[in-house]
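*Asks:* Handing over target.txt, compact mmCIF, N, CA and C atoms.
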```txt
# COMPACT_ATOMS: atom_id res chain seq x y z
N MET A 1 18.18 11.15 -23.66
CA MET A 1 17.28 10.03 -23.90
C MET A 1 15.86 10.48 -23.60
N THR A 2 14.96 10.24 -24.53
CA THR A 2 13.57 10.64 -24.33
C THR A 2 12.79 9.50 -23.71
N THR A 3 11.78 9.88 -22.96
CA THR A 3 10.93 8.91 -22.32
C THR A 3 9.80 8.53 -23.29
N TYR A 4 9.43 7.28 -23.30
CA TYR A 4 8.35 6.79 -24.14
C TYR A 4 7.05 7.46 -23.74
N LYS A 5 6.37 8.10 -24.67
CA LYS A 5 5.10 8.80 -24.42
C LYS A 5 5.18 9.69 -23.19
N GLU A 6 6.12 10.59 -23.20
CA GLU A 6 6.43 11.41 -22.02
C GLU A 6 5.23 12.19 -21.50
N GLU A 7 4.38 12.69 -22.41
CA GLU A 7 3.27 13.54 -21.99
C GLU A 7 2.01 12.77 -21.59
N GLN A 8 2.00 11.48 -21.79
CA GLN A 8 0.79 10.71 -21.50
C GLN A 8 0.90 10.00 -20.15
N GLY A 9 -0.16 10.09 -19.38
CA GLY A 9 -0.24 9.37 -18.12
C GLY A 9 0.74 9.84 -17.07
N ARG A 10 1.03 11.13 -17.04
CA ARG A 10 2.04 11.63 -16.10
C ARG A 10 1.65 11.40 -14.64
N LEU A 11 0.38 11.69 -14.30
CA LEU A 11 -0.04 11.53 -12.90
C LEU A 11 -0.02 10.06 -12.47
N ALA A 12 -0.53 9.19 -13.32
CA ALA A 12 -0.55 7.76 -12.98
C ALA A 12 0.87 7.21 -12.87
N ARG A 13 1.75 7.66 -13.74
CA ARG A 13 3.14 7.20 -13.68
C ARG A 13 3.82 7.70 -12.42
N MET A 14 3.58 8.96 -12.07
CA MET A 14 4.19 9.52 -10.88
C MET A 14 3.67 8.82 -9.62
N PHE A 15 2.35 8.59 -9.57
CA PHE A 15 1.78 7.91 -8.41
C PHE A 15 2.33 6.49 -8.29
N ALA A 16 2.37 5.77 -9.40
CA ALA A 16 2.88 4.40 -9.37
C ALA A 16 4.35 4.38 -8.95
N PHE A 17 5.15 5.30 -9.48
CA PHE A 17 6.56 5.36 -9.14
C PHE A 17 6.75 5.57 -7.65
N TRP A 18 6.08 6.59 -7.09
CA TRP A 18 6.31 6.90 -5.68
C TRP A 18 5.69 5.86 -4.75
N ALA A 19 4.60 5.22 -5.18
CA ALA A 19 4.02 4.15 -4.36
C ALA A 19 4.99 2.97 -4.25
N VAL A 20 5.57 2.58 -5.38
CA VAL A 20 6.52 1.46 -5.36
C VAL A 20 7.81 1.88 -4.65
N ALA A 21 8.25 3.15 -4.84
CA ALA A 21 9.45 3.62 -4.14
C ALA A 21 9.25 3.57 -2.63
N PHE A 22 8.06 3.94 -2.17
CA PHE A 22 7.77 3.87 -0.73
C PHE A 22 7.80 2.43 -0.24
N MET A 23 7.27 1.50 -1.04
CA MET A 23 7.29 0.09 -0.63
C MET A 23 8.72 -0.44 -0.57
N ILE A 24 9.56 -0.03 -1.52
CA ILE A 24 10.97 -0.44 -1.50
C ILE A 24 11.65 0.12 -0.26
N LEU A 25 11.41 1.39 0.04
CA LEU A 25 11.99 2.01 1.23
C LEU A 25 11.52 1.32 2.50
N PHE A 26 10.23 1.04 2.58
CA PHE A 26 9.68 0.36 3.76
C PHE A 26 10.32 -1.02 3.92
N GLY A 27 10.44 -1.76 2.81
CA GLY A 27 11.04 -3.10 2.88
C GLY A 27 12.50 -3.05 3.30
N CYS A 28 13.24 -2.08 2.79
CA CYS A 28 14.66 -1.96 3.17
C CYS A 28 14.80 -1.52 4.62
N ASN A 29 13.91 -0.66 5.08
CA ASN A 29 13.93 -0.25 6.48
C ASN A 29 13.62 -1.44 7.39
N TRP A 30 12.64 -2.24 7.00
CA TRP A 30 12.31 -3.44 7.77
C TRP A 30 13.49 -4.41 7.80
N LEU A 31 14.11 -4.61 6.63
CA LEU A 31 15.28 -5.49 6.55
C LEU A 31 16.40 -4.98 7.44
N HIS A 32 16.63 -3.67 7.43
CA HIS A 32 17.68 -3.09 8.28
C HIS A 32 17.40 -3.39 9.75
N GLY A 33 16.15 -3.21 10.16
CA GLY A 33 15.79 -3.52 11.55
C GLY A 33 16.01 -4.98 11.90
N MET A 34 15.68 -5.87 10.97
CA MET A 34 15.88 -7.29 11.23
C MET A 34 17.37 -7.64 11.28
N LEU A 35 18.16 -7.02 10.41
CA LEU A 35 19.60 -7.31 10.40
C LEU A 35 20.30 -6.73 11.62
N VAL A 36 19.82 -5.60 12.12
CA VAL A 36 20.43 -4.99 13.31
C VAL A 36 20.24 -5.90 14.52
N ARG A 37 19.14 -6.65 14.53
CA ARG A 37 18.90 -7.57 15.65
C ARG A 37 19.94 -8.70 15.70
N ALA A 38 20.55 -8.98 14.55
CA ALA A 38 21.62 -9.98 14.51
C ALA A 38 22.89 -9.30 15.05
N SER A 39 23.43 -9.79 16.13
CA SER A 39 24.52 -9.10 16.84
C SER A 39 25.76 -8.86 15.99
N SER A 40 26.07 -9.77 15.08
CA SER A 40 27.30 -9.62 14.31
C SER A 40 27.20 -8.53 13.24
N LEU A 41 26.00 -8.10 12.89
CA LEU A 41 25.82 -7.11 11.83
C LEU A 41 25.59 -5.70 12.36
N ARG A 42 25.53 -5.53 13.67
CA ARG A 42 25.18 -4.22 14.23
C ARG A 42 26.39 -3.38 14.59
N GLU A 43 27.56 -3.96 14.63
CA GLU A 43 28.77 -3.23 15.03
C GLU A 43 29.15 -2.21 13.97
N PRO A 44 29.40 -0.94 14.36
CA PRO A 44 29.79 0.09 13.38
C PRO A 44 31.12 -0.24 12.73
N ILE A 45 31.23 0.11 11.47
CA ILE A 45 32.46 -0.11 10.72
C ILE A 45 33.37 1.09 10.97
N ALA A 46 34.48 0.88 11.65
CA ALA A 46 35.48 1.91 11.94
C ALA A 46 34.86 3.14 12.59
N GLY A 47 33.80 2.96 13.36
CA GLY A 47 33.17 4.08 14.05
C GLY A 47 32.49 5.09 13.14
N LEU A 48 32.19 4.70 11.92
CA LEU A 48 31.55 5.62 10.98
C LEU A 48 30.10 5.85 11.36
N ARG A 49 29.65 7.09 11.17
CA ARG A 49 28.27 7.46 11.48
C ARG A 49 27.83 8.53 10.50
N ILE A 50 26.61 8.42 10.01
CA ILE A 50 26.05 9.45 9.13
C ILE A 50 25.46 10.52 10.05
N PRO A 51 26.06 11.73 10.07
CA PRO A 51 25.69 12.70 11.08
C PRO A 51 24.25 13.22 10.99
N VAL A 52 23.75 13.54 9.83
CA VAL A 52 22.42 14.12 9.72
C VAL A 52 21.35 13.09 10.06
N ALA A 53 21.51 11.87 9.58
CA ALA A 53 20.53 10.83 9.83
C ALA A 53 20.73 10.16 11.18
N GLY A 54 21.92 10.27 11.77
CA GLY A 54 22.19 9.63 13.04
C GLY A 54 22.22 8.12 12.94
N VAL A 55 22.70 7.61 11.82
CA VAL A 55 22.73 6.17 11.58
C VAL A 55 24.18 5.70 11.58
N ASP A 56 24.44 4.62 12.31
CA ASP A 56 25.76 4.02 12.28
C ASP A 56 25.93 3.26 10.97
N VAL A 57 27.11 3.40 10.36
CA VAL A 57 27.41 2.65 9.14
C VAL A 57 27.91 1.28 9.58
N ASN A 58 27.05 0.28 9.37
CA ASN A 58 27.41 -1.09 9.73
C ASN A 58 27.00 -2.00 8.58
N ILE A 59 27.25 -3.27 8.74
CA ILE A 59 26.96 -4.23 7.68
C ILE A 59 25.47 -4.22 7.35
N ALA A 60 24.62 -4.17 8.38
CA ALA A 60 23.18 -4.16 8.16
C ALA A 60 22.76 -2.96 7.33
N PHE A 61 23.32 -1.78 7.64
CA PHE A 61 23.00 -0.57 6.88
C PHE A 61 23.46 -0.69 5.44
N LEU A 62 24.68 -1.20 5.23
CA LEU A 62 25.21 -1.31 3.87
C LEU A 62 24.39 -2.28 3.02
N ILE A 63 23.96 -3.39 3.62
CA ILE A 63 23.14 -4.36 2.89
C ILE A 63 21.80 -3.73 2.50
N SER A 64 21.14 -3.11 3.48
CA SER A 64 19.83 -2.53 3.18
C SER A 64 19.94 -1.34 2.23
N PHE A 65 20.99 -0.54 2.34
CA PHE A 65 21.18 0.59 1.43
C PHE A 65 21.46 0.10 0.02
N ALA A 66 22.29 -0.93 -0.11
CA ALA A 66 22.58 -1.49 -1.43
C ALA A 66 21.31 -2.03 -2.08
N LEU A 67 20.48 -2.72 -1.30
CA LEU A 67 19.22 -3.23 -1.85
C LEU A 67 18.28 -2.09 -2.23
N PHE A 68 18.29 -1.00 -1.44
CA PHE A 68 17.47 0.16 -1.78
C PHE A 68 17.92 0.77 -3.11
N VAL A 69 19.22 0.93 -3.28
CA VAL A 69 19.74 1.50 -4.53
C VAL A 69 19.40 0.59 -5.71
N LEU A 70 19.58 -0.72 -5.54
CA LEU A 70 19.23 -1.66 -6.61
C LEU A 70 17.74 -1.62 -6.91
N GLY A 71 16.93 -1.52 -5.87
CA GLY A 71 15.49 -1.43 -6.06
C GLY A 71 15.08 -0.18 -6.80
N MET A 72 15.71 0.94 -6.49
CA MET A 72 15.38 2.19 -7.18
C MET A 72 15.85 2.16 -8.63
N VAL A 73 17.01 1.56 -8.89
CA VAL A 73 17.48 1.42 -10.28
C VAL A 73 16.49 0.56 -11.06
N TRP A 74 16.06 -0.55 -10.46
CA TRP A 74 15.08 -1.41 -11.10
C TRP A 74 13.78 -0.64 -11.34
N LEU A 75 13.35 0.15 -10.36
CA LEU A 75 12.10 0.90 -10.48
C LEU A 75 12.16 1.91 -11.62
N VAL A 76 13.26 2.61 -11.75
CA VAL A 76 13.39 3.58 -12.84
C VAL A 76 13.32 2.86 -14.18
N ARG A 77 14.01 1.73 -14.31
CA ARG A 77 13.98 0.97 -15.56
C ARG A 77 12.59 0.40 -15.82
N TRP A 78 11.93 -0.11 -14.78
CA TRP A 78 10.59 -0.69 -14.89
C TRP A 78 9.58 0.36 -15.33
N SER A 79 9.69 1.56 -14.75
CA SER A 79 8.71 2.60 -15.03
C SER A 79 8.84 3.17 -16.44
N LYS A 80 9.90 2.82 -17.16
CA LYS A 80 10.08 3.30 -18.53
C LYS A 80 9.76 2.23 -19.58
N LYS A 81 9.34 1.04 -19.15
CA LYS A 81 8.98 -0.01 -20.10
C LYS A 81 7.71 0.39 -20.85
N GLU A 82 7.67 0.07 -22.12
CA GLU A 82 6.54 0.48 -22.95
C GLU A 82 5.22 -0.10 -22.46
N LYS A 83 5.21 -1.36 -22.03
CA LYS A 83 3.98 -1.98 -21.55
C LYS A 83 3.45 -1.26 -20.31
N ILE A 84 4.35 -0.93 -19.40
CA ILE A 84 3.95 -0.26 -18.16
C ILE A 84 3.44 1.15 -18.47
N VAL A 85 4.16 1.86 -19.33
CA VAL A 85 3.75 3.22 -19.69
C VAL A 85 2.38 3.20 -20.35
N ASP A 86 2.17 2.26 -21.28
CA ASP A 86 0.88 2.17 -21.95
C ASP A 86 -0.24 1.87 -20.95
N LEU A 87 0.01 0.93 -20.04
CA LEU A 87 -0.99 0.59 -19.03
C LEU A 87 -1.34 1.80 -18.17
N LEU A 88 -0.34 2.50 -17.67
CA LEU A 88 -0.60 3.64 -16.80
C LEU A 88 -1.23 4.80 -17.56
N ALA A 89 -0.83 5.03 -18.81
CA ALA A 89 -1.45 6.09 -19.61
C ALA A 89 -2.91 5.77 -19.89
N ASP A 90 -3.20 4.51 -20.23
CA ASP A 90 -4.59 4.10 -20.46
C ASP A 90 -5.41 4.20 -19.18
N THR A 91 -4.81 3.84 -18.05
CA THR A 91 -5.50 3.93 -16.77
C THR A 91 -5.87 5.38 -16.46
N GLU A 92 -4.92 6.29 -16.65
CA GLU A 92 -5.21 7.69 -16.39
C GLU A 92 -6.27 8.23 -17.35
N ALA A 93 -6.21 7.81 -18.61
CA ALA A 93 -7.22 8.26 -19.58
C ALA A 93 -8.61 7.77 -19.18
N GLU A 94 -8.71 6.54 -18.71
CA GLU A 94 -10.01 6.02 -18.27
C GLU A 94 -10.50 6.74 -17.02
N LEU A 95 -9.58 7.05 -16.10
CA LEU A 95 -9.99 7.75 -14.88
C LEU A 95 -10.49 9.16 -15.17
N ARG A 96 -10.01 9.75 -16.24
CA ARG A 96 -10.49 11.09 -16.61
C ARG A 96 -11.92 11.03 -17.13
N LYS A 97 -12.37 9.86 -17.59
CA LYS A 97 -13.74 9.70 -18.09
C LYS A 97 -14.75 9.44 -16.98
N VAL A 98 -14.28 9.14 -15.78
CA VAL A 98 -15.16 8.78 -14.67
C VAL A 98 -15.93 10.00 -14.21
N THR A 99 -17.21 9.81 -13.92
CA THR A 99 -18.03 10.86 -13.34
C THR A 99 -17.96 10.69 -11.82
N TRP A 100 -17.27 11.58 -11.17
CA TRP A 100 -17.08 11.48 -9.74
C TRP A 100 -18.29 12.04 -9.01
N PRO A 101 -18.71 11.42 -7.90
CA PRO A 101 -19.89 11.91 -7.17
C PRO A 101 -19.60 13.23 -6.46
N THR A 102 -20.67 13.99 -6.26
CA THR A 102 -20.54 15.23 -5.50
C THR A 102 -20.46 14.89 -4.02
N THR A 103 -20.12 15.89 -3.23
CA THR A 103 -20.03 15.68 -1.78
C THR A 103 -21.37 15.26 -1.20
N GLN A 104 -22.44 15.89 -1.67
CA GLN A 104 -23.78 15.56 -1.16
C GLN A 104 -24.16 14.12 -1.51
N GLU A 105 -23.81 13.67 -2.70
CA GLU A 105 -24.09 12.29 -3.08
C GLU A 105 -23.31 11.31 -2.21
N VAL A 106 -22.09 11.63 -1.89
CA VAL A 106 -21.28 10.76 -1.03
C VAL A 106 -21.87 10.71 0.37
N VAL A 107 -22.29 11.86 0.90
CA VAL A 107 -22.88 11.91 2.24
C VAL A 107 -24.17 11.09 2.27
N ASN A 108 -25.04 11.29 1.26
CA ASN A 108 -26.31 10.54 1.22
C ASN A 108 -26.07 9.04 1.11
N SER A 109 -25.15 8.65 0.26
CA SER A 109 -24.85 7.22 0.11
C SER A 109 -24.27 6.63 1.40
N SER A 110 -23.43 7.40 2.08
CA SER A 110 -22.84 6.92 3.34
C SER A 110 -23.92 6.75 4.40
N ILE A 111 -24.87 7.66 4.46
CA ILE A 111 -25.97 7.55 5.43
C ILE A 111 -26.79 6.30 5.13
N VAL A 112 -27.10 6.04 3.87
CA VAL A 112 -27.86 4.84 3.50
C VAL A 112 -27.11 3.59 3.93
N VAL A 113 -25.81 3.54 3.69
CA VAL A 113 -25.02 2.36 4.06
C VAL A 113 -25.00 2.18 5.57
N ILE A 114 -24.81 3.26 6.32
CA ILE A 114 -24.76 3.16 7.79
C ILE A 114 -26.10 2.68 8.33
N VAL A 115 -27.22 3.23 7.82
CA VAL A 115 -28.55 2.79 8.28
C VAL A 115 -28.77 1.32 7.95
N PHE A 116 -28.41 0.91 6.75
CA PHE A 116 -28.58 -0.49 6.36
C PHE A 116 -27.76 -1.41 7.25
N VAL A 117 -26.53 -1.02 7.56
CA VAL A 117 -25.68 -1.85 8.43
C VAL A 117 -26.30 -1.95 9.81
N LEU A 118 -26.83 -0.85 10.34
CA LEU A 118 -27.47 -0.90 11.66
C LEU A 118 -28.71 -1.77 11.66
N VAL A 119 -29.54 -1.69 10.60
CA VAL A 119 -30.72 -2.54 10.50
C VAL A 119 -30.31 -4.01 10.43
N LEU A 120 -29.31 -4.31 9.61
CA LEU A 120 -28.82 -5.68 9.50
C LEU A 120 -28.23 -6.17 10.82
N LEU A 121 -27.53 -5.28 11.52
CA LEU A 121 -26.99 -5.63 12.84
C LEU A 121 -28.11 -5.99 13.80
N GLY A 122 -29.18 -5.18 13.82
CA GLY A 122 -30.32 -5.47 14.69
C GLY A 122 -30.99 -6.78 14.34
N PHE A 123 -31.18 -7.02 13.03
CA PHE A 123 -31.81 -8.27 12.60
C PHE A 123 -30.97 -9.48 13.00
N LEU A 124 -29.67 -9.43 12.76
CA LEU A 124 -28.82 -10.58 13.11
C LEU A 124 -28.73 -10.79 14.62
N ALA A 125 -28.70 -9.70 15.38
CA ALA A 125 -28.67 -9.84 16.85
C ALA A 125 -29.97 -10.47 17.34
N GLY A 126 -31.10 -10.00 16.78
CA GLY A 126 -32.39 -10.58 17.18
C GLY A 126 -32.49 -12.03 16.79
N ALA A 127 -32.05 -12.37 15.57
CA ALA A 127 -32.09 -13.76 15.11
C ALA A 127 -31.19 -14.62 15.99
N ASP A 128 -30.07 -14.10 16.43
CA ASP A 128 -29.16 -14.86 17.30
C ASP A 128 -29.83 -15.15 18.64
N VAL A 129 -30.48 -14.16 19.20
CA VAL A 129 -31.14 -14.35 20.49
C VAL A 129 -32.27 -15.37 20.36
N VAL A 130 -33.12 -15.20 19.34
CA VAL A 130 -34.27 -16.11 19.16
C VAL A 130 -33.78 -17.53 18.89
N LEU A 131 -32.85 -17.69 17.96
CA LEU A 131 -32.37 -19.04 17.65
C LEU A 131 -31.62 -19.66 18.83
N GLY A 132 -30.92 -18.84 19.59
CA GLY A 132 -30.24 -19.35 20.79
C GLY A 132 -31.23 -19.91 21.80
N ARG A 133 -32.34 -19.19 21.99
CA ARG A 133 -33.36 -19.68 22.94
C ARG A 133 -34.06 -20.93 22.41
N VAL A 134 -34.32 -20.96 21.09
CA VAL A 134 -34.96 -22.14 20.51
C VAL A 134 -34.06 -23.36 20.66
N ILE A 135 -32.80 -23.22 20.37
CA ILE A 135 -31.87 -24.35 20.50
C ILE A 135 -31.74 -24.76 21.95
N THR A 136 -31.66 -23.77 22.86
CA THR A 136 -31.58 -24.09 24.29
C THR A 136 -32.83 -24.86 24.73
N TYR A 137 -34.01 -24.44 24.26
CA TYR A 137 -35.24 -25.13 24.61
C TYR A 137 -35.26 -26.55 24.06
N LEU A 138 -34.79 -26.70 22.82
CA LEU A 138 -34.79 -28.05 22.21
C LEU A 138 -33.79 -28.98 22.90
N ILE A 139 -32.66 -28.45 23.33
CA ILE A 139 -31.64 -29.29 23.94
C ILE A 139 -31.96 -29.58 25.40
N PHE A 140 -32.31 -28.53 26.17
CA PHE A 140 -32.48 -28.69 27.62
C PHE A 140 -33.94 -28.78 28.03
N GLY A 141 -34.87 -28.45 27.15
CA GLY A 141 -36.28 -28.58 27.47
C GLY A 141 -36.85 -27.41 28.23
N ALA A 142 -36.05 -26.48 28.69
CA ALA A 142 -36.58 -25.30 29.41
C ALA A 142 -35.65 -24.13 29.11
N VAL A 143 -36.24 -22.96 29.22
CA VAL A 143 -35.46 -21.76 28.93
C VAL A 143 -34.81 -21.25 30.18
```
Could you render the structure as structure tokens?

*Replies:*
Amino acid sequence: MTTYKEEQGRLARMFAFWAVAFMILFGCNWLHGMLVRASSLREPIAGLRIPVAGVDVNIAFLISFALFVLGMVWLVRWSKKEKIVDLLADTEAELRKVTWPTTQEVVNSSIVVIVFVLVLLGFLAGADVVLGRVITYLIFGAV
């Protein structure tokens, strides 16, 4: 079976695939942790243990593993849909047209942003102090 537009958008497709795969793995790991906290789901089934991973085979593990497998099957099917492939191929093509800044431009822009933030911080701190004293004077009549 050939993949739709196999040569187009390979990097974007690979990045999208592994990003979603990581989210599925993270969600299944979180679910496993939550299910293990339930006392009835944490007991090992017939003392089974996965030796390399050091994981007990229990109901919580089986549920989270089954959801992981279903999620990965869904992800493989999703990543081969024509709409998704077209979107990711177009995205990669547009990113290739971008003019990326040089290191010196990034450093200069970062310095400008940091200086501006510090100036704004000073202005807001000064305005806070002045307005605080004005309000205190108006309310209490003395500083």

*Asks:* Go ahead and fit an axis-aligned box to every listed atom of stretch 29-48 of chain A plus 3 Å each side, and pass me the centre and edge lengths in Å, one decimal, as AutoDock Vina command-line options.

*Replies:*
```
--center_x 23.9 --center_y -2.1 --center_z 11.0 --size_x 29.2 --size_y 21.8 --size_z 17.8
```

*Asks:* Counting only C-alpha atoms, which of A:Gly132, A:Gly33, A:Gly27, A:Gly9 gets nearest to A:Glu94?

*Replies:*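 Of all the options, A:Gly9 lies closest to A:Glu94.
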
*Asks:* As a PyMOL selection string, please: all residues of chain A that backbone DSSP puts in strand (DSSP E).

*Replies:* chain A and resi 44-50+55-58

*Asks:* Rounded to one decimal, what separation in Å do you get between atom CA of A:Ile84 and atom CA of A:Phe17?

*Replies:* 10.9 Å

*Asks:* From the structure block, carefully write stretch 29-46 of chain A out with C-alpha atoms; format it as a PDB file, in the first residue's frame.

*Replies:*
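Final output, saved to decode_30.pdb:
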```
ATOM      1  CA  ASN A  29       0.865   6.733  31.526  1.00  0.00           C
ATOM      2  CA  TRP A  30      -1.212   9.238  33.504  1.00  0.00           C
ATOM      3  CA  LEU A  31      -4.267   6.976  33.241  1.00  0.00           C
ATOM      4  CA  HIS A  32      -2.196   4.007  34.450  1.00  0.00           C
ATOM      5  CA  GLY A  33      -1.072   6.000  37.483  1.00  0.00           C
ATOM      6  CA  MET A  34      -4.636   7.006  38.276  1.00  0.00           C
ATOM      7  CA  LEU A  35      -5.923   3.439  37.885  1.00  0.00           C
ATOM      8  CA  VAL A  36      -3.138   2.025  40.076  1.00  0.00           C
ATOM      9  CA  ARG A  37      -4.354   4.275  42.891  1.00  0.00           C
ATOM     10  CA  ALA A  38      -7.641   2.353  42.787  1.00  0.00           C
ATOM     11  CA  SER A  39      -6.909  -0.629  45.055  1.00  0.00           C
ATOM     12  CA  SER A  40      -8.917  -3.188  43.089  1.00  0.00           C
ATOM     13  CA  LEU A  41      -6.991  -2.542  39.845  1.00  0.00           C
ATOM     14  CA  ARG A  42      -3.448  -2.729  41.227  1.00  0.00           C
ATOM     15  CA  GLU A  43      -3.275  -6.437  42.086  1.00  0.00           C
ATOM     16  CA  PRO A  44      -1.026  -8.411  39.665  1.00  0.00           C
ATOM     17  CA  ILE A  45      -2.754 -10.954  37.473  1.00  0.00           C
ATOM     18  CA  ALA A  46      -1.361 -14.411  38.370  1.00  0.00           C
TER      19      ALA A  46
END
```
